[in-house]
$ cat data-v7.txt   # compact mmCIF, C-alpha atoms
# COMPACT_ATOMS: atom_id res chain seq x y z
CA MET O 29 11.07 5.29 -9.76
CA ILE O 30 9.34 6.30 -6.54
CA THR O 31 11.31 5.79 -3.32
CA GLY O 32 10.51 6.33 0.35
CA SER O 33 7.19 6.23 2.18
CA ILE O 34 4.18 5.42 0.01
CA VAL O 35 0.99 5.59 2.06
CA ALA O 36 -1.53 2.80 1.51
CA LEU O 37 -4.33 5.32 1.86
CA VAL O 38 -7.67 4.53 3.45
CA THR O 39 -10.85 5.44 1.58
CA PRO O 40 -12.83 7.66 4.00
CA MET O 41 -16.53 6.88 4.11
CA GLN O 42 -19.72 8.36 5.45
CA GLY O 43 -21.81 6.45 7.95
CA ASP O 44 -23.82 4.92 5.09
CA GLY O 45 -20.66 3.63 3.40
CA SER O 46 -20.53 6.21 0.61
CA VAL O 47 -17.15 7.79 -0.15
CA ASP O 48 -16.44 10.91 1.91
CA TRP O 49 -14.81 13.07 -0.74
CA ASP O 50 -14.09 16.01 1.57
CA ALA O 51 -12.27 13.77 4.04
CA LEU O 52 -10.33 12.20 1.17
CA ASP O 53 -9.16 15.66 0.11
CA ARG O 54 -8.06 16.40 3.68
CA LEU O 55 -5.98 13.21 3.74
CA LEU O 56 -4.39 14.05 0.39
CA ASP O 57 -3.50 17.52 1.70
CA LEU O 58 -2.05 15.97 4.85
CA HIS O 59 0.29 13.69 2.92
CA MET O 60 1.35 16.35 0.45
CA GLY O 61 2.55 18.37 3.44
CA ALA O 62 4.12 15.49 5.34
CA GLN O 63 6.94 14.33 3.01
CA THR O 64 5.03 11.23 1.96
CA SER O 65 6.58 10.13 -1.34
CA ALA O 66 3.42 8.88 -3.07
CA ILE O 67 -0.24 8.07 -2.52
CA GLY O 68 -1.33 4.45 -2.82
CA ALA O 69 -4.99 4.79 -3.81
CA VAL O 70 -7.59 2.01 -3.58
CA GLY O 71 -5.39 -0.82 -2.45
CA THR O 72 -6.20 -3.27 0.32
CA THR O 73 -6.25 -0.48 2.91
CA GLY O 74 -8.47 1.55 0.59
CA GLU O 75 -11.14 -1.19 0.71
CA SER O 76 -10.76 -2.09 -2.94
CA ALA O 77 -12.57 -5.35 -2.29
CA THR O 78 -15.85 -3.59 -1.52
CA LEU O 79 -15.78 -0.65 -3.92
CA SER O 80 -17.66 -1.17 -7.17
CA VAL O 81 -15.64 -0.88 -10.38
CA PRO O 82 -17.09 2.60 -11.12
CA GLU O 83 -16.32 3.75 -7.56
CA HIS O 84 -12.82 2.26 -7.76
CA CYS O 85 -12.09 4.20 -10.94
CA GLU O 86 -13.72 7.37 -9.59
CA VAL O 87 -11.57 7.42 -6.43
CA ILE O 88 -8.39 7.01 -8.48
CA LYS O 89 -9.44 9.75 -10.91
CA HIS O 90 -10.38 12.06 -8.04
CA CYS O 91 -6.99 11.58 -6.36
CA VAL O 92 -5.12 12.25 -9.61
CA GLN O 93 -7.12 15.38 -10.33
CA TYR O 94 -6.94 16.73 -6.78
CA VAL O 95 -3.17 16.38 -6.35
CA ALA O 96 -2.59 17.75 -9.88
CA GLY O 97 0.91 16.35 -10.20
CA ARG O 98 2.10 17.49 -6.78
CA ILE O 99 2.60 13.91 -5.55
CA PRO O 100 2.63 10.63 -7.51
CA ILE O 101 -0.46 8.41 -7.43
CA VAL O 102 0.05 4.64 -7.36
CA ALA O 103 -3.35 3.15 -8.17
CA GLY O 104 -4.39 -0.25 -6.90
CA THR O 105 -5.78 -2.05 -9.96
CA GLY O 106 -5.36 -5.74 -9.21
CA ALA O 107 -8.13 -8.31 -9.53
CA ASN O 108 -8.48 -12.06 -9.62
CA ALA O 109 -9.83 -11.89 -13.17
CA THR O 110 -7.18 -10.84 -15.67
CA ARG O 111 -9.69 -8.99 -17.86
CA GLU O 112 -10.94 -6.98 -14.88
CA ALA O 113 -7.38 -6.12 -13.85
CA ILE O 114 -6.71 -4.89 -17.38
CA GLU O 115 -9.90 -2.80 -17.29
CA LEU O 116 -8.97 -1.22 -13.96
CA THR O 117 -5.35 -0.64 -14.99
CA ARG O 118 -6.39 0.96 -18.27
CA ALA O 119 -8.84 3.24 -16.45
CA ALA O 120 -6.14 4.30 -13.97
CA ALA O 121 -3.65 4.97 -16.76
CA ASN O 122 -6.24 7.00 -18.66
CA ALA O 123 -6.96 8.98 -15.49
CA GLY O 124 -3.27 9.88 -15.22
CA ALA O 125 -2.02 7.58 -12.45
CA ASP O 126 1.76 7.48 -12.26
CA ALA O 127 1.90 3.73 -11.63
CA CYS O 128 -0.40 0.80 -10.85
CA LEU O 129 -0.16 -1.72 -8.02
CA LEU O 130 -1.37 -5.20 -8.95
CA VAL O 131 -2.11 -7.77 -6.29
CA THR O 132 -1.79 -11.47 -7.04
CA PRO O 133 -5.13 -13.00 -8.10
CA TYR O 134 -6.92 -14.05 -4.93
CA TYR O 135 -9.27 -16.96 -4.27
CA ASN O 136 -8.83 -18.82 -7.57
CA ARG O 137 -5.22 -19.75 -6.66
CA PRO O 138 -3.39 -19.78 -10.00
CA THR O 139 -0.17 -21.69 -10.61
CA GLN O 140 3.16 -19.90 -10.84
CA ASN O 141 2.88 -19.98 -14.62
CA GLY O 142 -0.66 -18.61 -14.34
CA LEU O 143 0.69 -15.73 -12.28
CA TYR O 144 3.35 -15.06 -14.87
CA GLU O 145 0.84 -15.05 -17.72
CA HIS O 146 -1.60 -12.88 -15.73
CA PHE O 147 0.90 -10.11 -15.02
CA LYS O 148 2.45 -10.37 -18.48
CA ALA O 149 -0.98 -9.92 -20.09
CA ILE O 150 -1.70 -6.78 -18.04
CA ALA O 151 1.72 -5.30 -18.76
CA GLU O 152 1.33 -5.90 -22.48
CA ALA O 153 -2.21 -4.49 -22.52
CA VAL O 154 -1.56 -1.22 -20.66
CA ASP O 155 1.54 0.92 -21.10
CA VAL O 156 1.89 2.23 -17.55
CA PRO O 157 4.53 1.44 -14.88
CA GLN O 158 3.32 -1.56 -12.89
CA ILE O 159 4.24 -2.79 -9.40
CA LEU O 160 3.57 -6.41 -8.47
CA TYR O 161 2.04 -7.07 -5.06
CA ASN O 162 2.55 -10.33 -3.18
CA VAL O 163 0.52 -10.72 0.02
CA PRO O 164 -0.14 -14.45 0.49
CA GLY O 165 -1.66 -13.95 3.94
CA ARG O 166 -4.66 -12.29 2.28
CA THR O 167 -4.82 -13.86 -1.17
CA ALA O 168 -4.10 -17.58 -0.54
CA VAL O 169 -1.56 -17.49 -3.37
CA ASP O 170 2.18 -16.92 -3.02
CA MET O 171 4.19 -15.61 -5.96
CA HIS O 172 7.62 -17.20 -5.76
CA ASN O 173 10.77 -15.18 -6.25
CA ASP O 174 11.57 -17.23 -9.38
CA THR O 175 8.30 -16.00 -10.91
CA VAL O 176 9.14 -12.41 -9.98
CA LEU O 177 12.50 -12.83 -11.68
CA ARG O 178 10.75 -13.97 -14.88
CA LEU O 179 8.47 -10.93 -14.76
CA ALA O 180 11.36 -8.54 -14.11
CA GLY O 181 12.30 -8.83 -17.77
CA ILE O 182 9.09 -7.06 -18.86
CA ALA O 183 9.88 -3.38 -19.40
CA ASN O 184 6.93 -1.72 -17.67
CA ILE O 185 6.95 -4.03 -14.63
CA VAL O 186 9.05 -1.76 -12.46
CA GLY O 187 8.66 -2.96 -8.87
CA ILE O 188 7.22 -5.36 -6.34
CA LYS O 189 5.53 -4.83 -3.00
CA ASP O 190 6.62 -7.77 -0.83
CA ALA O 191 4.13 -8.02 2.03
CA THR O 192 5.31 -11.43 3.24
CA GLY O 193 7.30 -9.96 6.14
CA ASP O 194 9.98 -12.55 5.32
CA LEU O 195 13.24 -10.62 5.26
CA GLU O 196 15.23 -13.46 3.75
CA ARG O 197 12.85 -13.56 0.82
CA GLY O 198 13.06 -9.81 0.51
CA ARG O 199 16.85 -9.83 0.53
CA ASP O 200 16.81 -12.57 -2.09
CA LEU O 201 14.53 -10.44 -4.28
CA ILE O 202 16.90 -7.48 -3.96
CA ALA O 203 19.91 -9.66 -4.79
CA ARG O 204 18.28 -11.24 -7.83
CA CYS O 205 15.98 -8.51 -9.16
CA GLY O 206 17.12 -5.30 -7.50
CA GLU O 207 18.77 -3.89 -10.62
CA GLN O 208 15.57 -4.38 -12.61
CA LEU O 209 12.83 -3.86 -10.02
CA ALA O 210 12.25 -1.56 -7.08
CA VAL O 211 11.60 -3.80 -4.08
CA TYR O 212 9.17 -2.23 -1.60
CA SER O 213 8.21 -3.49 1.82
CA GLY O 214 4.53 -4.10 2.39
CA ASP O 215 5.03 -4.91 6.06
CA ASP O 216 5.55 -1.98 8.42
CA ALA O 217 7.19 -4.09 11.12
CA THR O 218 10.07 -5.20 8.87
CA ALA O 219 10.24 -2.25 6.47
CA MET O 220 13.30 -0.65 8.05
CA GLU O 221 15.38 -3.79 7.67
CA LEU O 222 14.33 -4.29 4.06
CA ILE O 223 15.24 -0.70 3.16
CA LEU O 224 18.59 -1.03 4.93
CA ALA O 225 19.18 -4.13 2.79
CA GLY O 226 18.61 -2.12 -0.40
CA GLY O 227 14.83 -1.88 -0.65
CA SER O 228 13.33 1.17 -2.32
CA GLY O 229 10.76 2.10 0.32
CA ASN O 230 7.66 1.09 2.22
CA ILE O 231 4.04 0.91 1.04
CA SER O 232 2.69 1.62 4.48
CA VAL O 233 -0.48 1.32 6.55
CA THR O 234 1.17 3.06 9.51
CA ALA O 235 1.94 6.11 7.36
CA ASN O 236 -1.78 6.93 7.41
CA VAL O 237 -1.53 8.07 11.05
CA VAL O 238 2.13 9.10 11.38
CA PRO O 239 3.18 10.21 7.89
CA GLU O 240 6.11 12.37 8.94
CA LEU O 241 7.65 9.67 11.12
CA MET O 242 7.33 7.00 8.45
CA ALA O 243 8.81 9.31 5.83
CA GLU O 244 11.77 10.05 8.11
CA LEU O 245 12.28 6.37 8.94
CA CYS O 246 12.43 5.56 5.22
CA ARG O 247 14.80 8.44 4.54
CA LEU O 248 17.21 7.45 7.31
CA ALA O 249 17.13 3.75 6.40
CA ALA O 250 17.82 4.56 2.74
CA ALA O 251 20.82 6.61 3.88
CA GLY O 252 22.11 3.63 5.89
CA ASP O 253 21.50 5.31 9.25
CA ARG O 254 20.54 2.25 11.30
CA ALA O 255 20.64 4.08 14.62
CA GLY O 256 18.44 6.95 13.49
CA ALA O 257 15.95 4.74 11.68
CA GLY O 258 15.98 2.27 14.57
CA ALA O 259 14.99 4.91 17.10
CA ILE O 260 11.91 5.74 15.05
CA ASN O 261 11.20 2.07 14.40
CA ASP O 262 11.23 1.34 18.14
CA LYS O 263 8.80 4.19 18.72
CA LEU O 264 6.45 2.87 16.02
CA ALA O 265 6.66 -0.83 16.90
CA PRO O 266 3.55 -0.85 19.16
CA LEU O 267 1.58 1.05 16.51
CA ASN O 268 2.69 -1.33 13.75
CA ARG O 269 1.30 -4.19 15.86
CA ALA O 270 -1.85 -2.40 16.99
CA LEU O 271 -2.93 -1.52 13.45
CA PHE O 272 -3.30 -5.23 12.73
CA LEU O 273 -5.19 -6.33 15.84
CA GLU O 274 -8.13 -6.83 13.50
CA ALA O 275 -8.13 -7.06 9.73
CA ASN O 276 -6.69 -4.02 7.95
CA PRO O 277 -8.13 -1.37 7.54
CA ILE O 278 -10.36 -1.74 10.61
CA PRO O 279 -7.81 -0.49 13.20
CA VAL O 280 -6.28 2.22 11.03
CA LYS O 281 -9.67 3.70 10.20
CA TRP O 282 -10.51 3.80 13.91
CA ALA O 283 -7.15 5.45 14.62
CA LEU O 284 -7.76 8.11 11.97
CA GLN O 285 -11.20 8.71 13.45
CA GLN O 286 -9.57 9.28 16.86
CA GLN O 287 -7.28 11.83 15.22
CA GLY O 288 -10.32 13.66 13.86
CA LEU O 289 -9.32 13.07 10.25
CA ILE O 290 -12.16 10.82 9.08
CA GLY O 291 -15.56 9.62 10.21
CA ALA O 292 -16.54 6.14 11.32
CA GLY O 293 -17.61 4.80 7.92
CA ILE O 294 -16.47 1.34 6.85
CA ARG O 295 -18.13 -1.17 4.52
CA LEU O 296 -19.48 -4.56 5.39
CA PRO O 297 -18.34 -7.23 5.80
CA LEU O 298 -15.78 -5.15 7.75
CA THR O 299 -17.09 -3.64 10.96
CA PRO O 300 -15.74 -0.96 13.34
CA LEU O 301 -12.89 -1.88 15.68
CA ASP O 302 -13.99 -4.02 18.63
CA SER O 303 -14.02 -1.95 21.81
CA LYS O 304 -11.69 -4.43 23.53
CA PHE O 305 -8.88 -3.14 21.29
CA HIS O 306 -9.51 0.58 21.75
CA ASP O 307 -7.14 1.08 24.67
CA GLU O 308 -4.26 -0.72 22.96
CA VAL O 309 -4.59 1.23 19.73
CA ARG O 310 -4.98 4.50 21.64
CA ALA O 311 -1.87 3.78 23.75
CA ALA O 312 0.14 3.00 20.61
CA LEU O 313 -0.99 6.27 19.04
CA GLN O 314 0.04 8.14 22.18
CA GLN O 315 3.47 6.50 22.23
CA ALA O 316 3.97 7.61 18.62
CA ALA O 317 2.83 11.12 19.61
CA ALA O 318 -0.07 10.76 17.17
CA LEU O 319 -2.76 11.77 19.68
$ encode --input "data-v7.txt" --output "C-alpha cells"
Amino acid sequence: MITGSIVALVTPMQGDGSVDWDALDRLLDLHMGAQTSAIGAVGTTGESATLSVPEHCEVIKHCVQYVAGRIPIVAGTGANATREAIELTRAAANAGADACLLVTPYYNRPTQNGLYEHFKAIAEAVDVPQILYNVPGRTAVDMHNDTVLRLAGIANIVGIKDATGDLERGRDLIARCGEQLAVYSGDDATAMELILAGGSGNISVTANVVPELMAELCRLAAAGDRAGAGAINDKLAPLNRALFLEANPIPVKWALQQQGLIGAGIRLPLTPLDSKFHDEVRAALQQAAAL
C-alpha cells in the first residue's frame, strides 16, 4: 500500500472556472520530481464539490494518463448518494486509478450502520483498493472507530484518512485496525505524531506548496526520527495554520498563485482569499522557504 506524503492536489482553474489543464500538468510534474508518494486527485482540496460528474471523471482520467504509471493516483470518488459514489468509483477504476478515496456521506447524516452499508456496497460493487475518509468538520457525520473496525474486514477496503486531528482516536485506529488498514493523517498539524505512532502517511494540503519538505517529514517520522521530523514540523507549523485561515482550498490556491504555479481561478461559492490574510499566508510561505 502507498506510504508517505500523498498530496491532496488542487484543481487549477482559469479565471472563468474552467479546468486549467496545462497548470494541472505542471503540478503533476512538480510532484513527480519532489518525492511525493501519490497524487490525491479531486478530493476536497480539488474542489470535488463543485466539479460536475463528467468533469470529475475527466480530471481523474487526465491525471492517470498524464503520469502514465510514474506515480500512483488516489482518486476522490466519495458522494452522499451511494449510487453516485459507485458511479464515480467505477469510472476511476476504469480510468486506471490505483486507489479511491471515499468521504463519508455529507449532509444527509447517516447512522453508523448506514455508513457501514454505504462503504460495503461501494467495495462490493467496484474491485479497486478503497480508502475511507472521515472528516466530520466538513461533513456533519462522524464515522466511529467501531464502524471502521467492521469495515476493515472487507478485502478491498485498505485504508482510512483520519482528518479529525484527534491523535487519541488515530492511535486507537492504529491499535485496533493497523494490521488490516493503512491509517493516514488528514490533518497536517498532527500528521507527524500520527506517523510516529504507526500511521502510514499523510494526505496533505500543505504538500501542495512544499512537497519536498512534507515528503521528508513523512520519511523521517516513519523511520522514528522524532528530532529530524520535528525540526521540519516546527518550520511548517505556521503554514499548516495559515492554509486553513479560510475554507480549504481558498488559502492553498492563493499560495500556489503566489508561487507562480497556478492562476487565480476558483469556483463559487468559494471566493479568492480575503486580503486581510495575505500577509499571514505570505509570511508562512517565506518561513517555509516556499517563496
$ closest_residue --input "data-v7.txt" --among "O:Ala151, O:Val169, O:Ala292, O:Ala283" --to "Asn236 (chain O)" --atoms "only C-alpha atoms"
O:Ala283
$ atom_distance --input "data-v7.txt" --atom1 "CA of Leu52 (chain O)" --atom2 "CA of Thr39 (chain O)"
6.8 Å
$ closest_atom_pairs --input "data-v7.txt" --of "region 183-237 of chain O" --to "region 72-85 of chain O" --cutoff "12 Å" --atoms "all atoms listed in the file" --output "CSV"
residue,atom,partner,partner_atom,distance
O:Ala191,CA,O:Thr72,CA,11.5
O:Gly214,CA,O:Thr72,CA,11.0
O:Ile231,CA,O:Thr73,CA,10.6
O:Ser232,CA,O:Thr73,CA,9.3
O:Val233,CA,O:Thr73,CA,7.1
O:Thr234,CA,O:Thr73,CA,10.5
O:Ala235,CA,O:Thr73,CA,11.4
O:Asn236,CA,O:Thr73,CA,9.8
$ write_last_selection --input "data-v7.txt" --atoms "C-alpha atoms" --output "compact mmCIF listing (two decimals), in the coordinates of the input"
# COMPACT_ATOMS: atom_id res chain seq x y z
CA ALA O 191 4.13 -8.02 2.03
CA GLY O 214 4.53 -4.10 2.39
CA ILE O 231 4.04 0.91 1.04
CA SER O 232 2.69 1.62 4.48
CA VAL O 233 -0.48 1.32 6.55
CA THR O 234 1.17 3.06 9.51
CA ALA O 235 1.94 6.11 7.36
CA ASN O 236 -1.78 6.93 7.41
$ closest_residue --input "data-v7.txt" --among "O:Ala270, O:Ile114, O:Ala119, O:Leu37" --to "Lys304 (chain O)" --atoms "all atoms listed in the file"
O:Ala270
$ closest_residue --input "data-v7.txt" --among "O:Ala153, O:Gln93, O:Arg98, O:Ile188" --to "Leu130 (chain O)" --atoms "all atoms listed in the file"
O:Ile188
$ closest_residue --input "data-v7.txt" --among "O:Arg111, O:His90, O:Arg295, O:Arg197" --to "Pro277 (chain O)" --atoms "only C-alpha atoms"
O:Arg295
$ closest_atom_pairs --input "data-v7.txt" --of "region 235-255 of chain O" --to "region 220-227 of chain O" --cutoff "9 Å" --atoms "only C-alpha atoms" --output "tab-separated table"
residue	atom	partner	partner_atom	distance
O:Leu245	CA	O:Met220	CA	7.1
O:Cys246	CA	O:Met220	CA	6.9
O:Leu248	CA	O:Leu224	CA	8.9
O:Ala249	CA	O:Leu224	CA	5.2
O:Ala250	CA	O:Ile223	CA	5.9
O:Ala251	CA	O:Leu224	CA	8.0
O:Gly252	CA	O:Leu224	CA	5.9
O:Asp253	CA	O:Leu224	CA	8.2
O:Arg254	CA	O:Leu224	CA	7.4
$ atom_distance --input "data-v7.txt" --atom1 "CA of Tyr94 (chain O)" --atom2 "CA of Ile159 (chain O)"
22.6 Å
$ closest_residue --input "data-v7.txt" --among "O:Gly291, O:Gly198, O:Leu129, O:Leu209" --to "Phe147 (chain O)" --atoms "all atoms listed in the file"
O:Leu129
$ atom_distance --input "data-v7.txt" --atom1 "CA of Val102 (chain O)" --atom2 "CA of Asp190 (chain O)"
15.5 Å
$ residues_around --input "data-v7.txt" --residues "region 134-139 of chain O" --least-positions-apart "5" --cutoff "7 Å" --atoms "all atoms listed in the file" --output "ChimeraX atom specification"
/O:108,167-169
$ closest_residue --input "data-v7.txt" --among "O:Gln140, O:Thr132, O:Ser213, O:Gln286" --to "Leu177 (chain O)" --atoms "only C-alpha atoms"
O:Gln140
$ residues_around --input "data-v7.txt" --residues "Thr175 (chain O)" --least-positions-apart "6" --cutoff "8 Å" --atoms "all atoms listed in the file" --output "tab-separated table (two decimals) with C-alpha atoms, in the coordinates of the input"
chain	number	residue	atom	x	y	z
O	140	GLN	CA	3.16	-19.90	-10.84
O	141	ASN	CA	2.88	-19.98	-14.62
O	143	LEU	CA	0.69	-15.73	-12.28
O	144	TYR	CA	3.35	-15.06	-14.87
$ residues_around --input "data-v7.txt" --residues "Asp155 (chain O)" --least-positions-apart "5" --cutoff "9 Å" --atoms "all atoms listed in the file" --output "list in words"
Arg118, Ala121, Ile150 and Asn184 of chain O
$ residues_around --input "data-v7.txt" --residues "Thr110 (chain O)" --least-positions-apart "3" --cutoff "9 Å" --atoms "only C-alpha atoms" --output "CSV table (one decimal) with C-alpha atoms, keeping the file's coordinate frame"
chain,number,residue,atom,x,y,z
O,106,GLY,CA,-5.4,-5.7,-9.2
O,107,ALA,CA,-8.1,-8.3,-9.5
O,113,ALA,CA,-7.4,-6.1,-13.8
O,114,ILE,CA,-6.7,-4.9,-17.4
O,115,GLU,CA,-9.9,-2.8,-17.3
O,133,PRO,CA,-5.1,-13.0,-8.1
O,146,HIS,CA,-1.6,-12.9,-15.7
O,147,PHE,CA,0.9,-10.1,-15.0
O,149,ALA,CA,-1.0,-9.9,-20.1
O,150,ILE,CA,-1.7,-6.8,-18.0
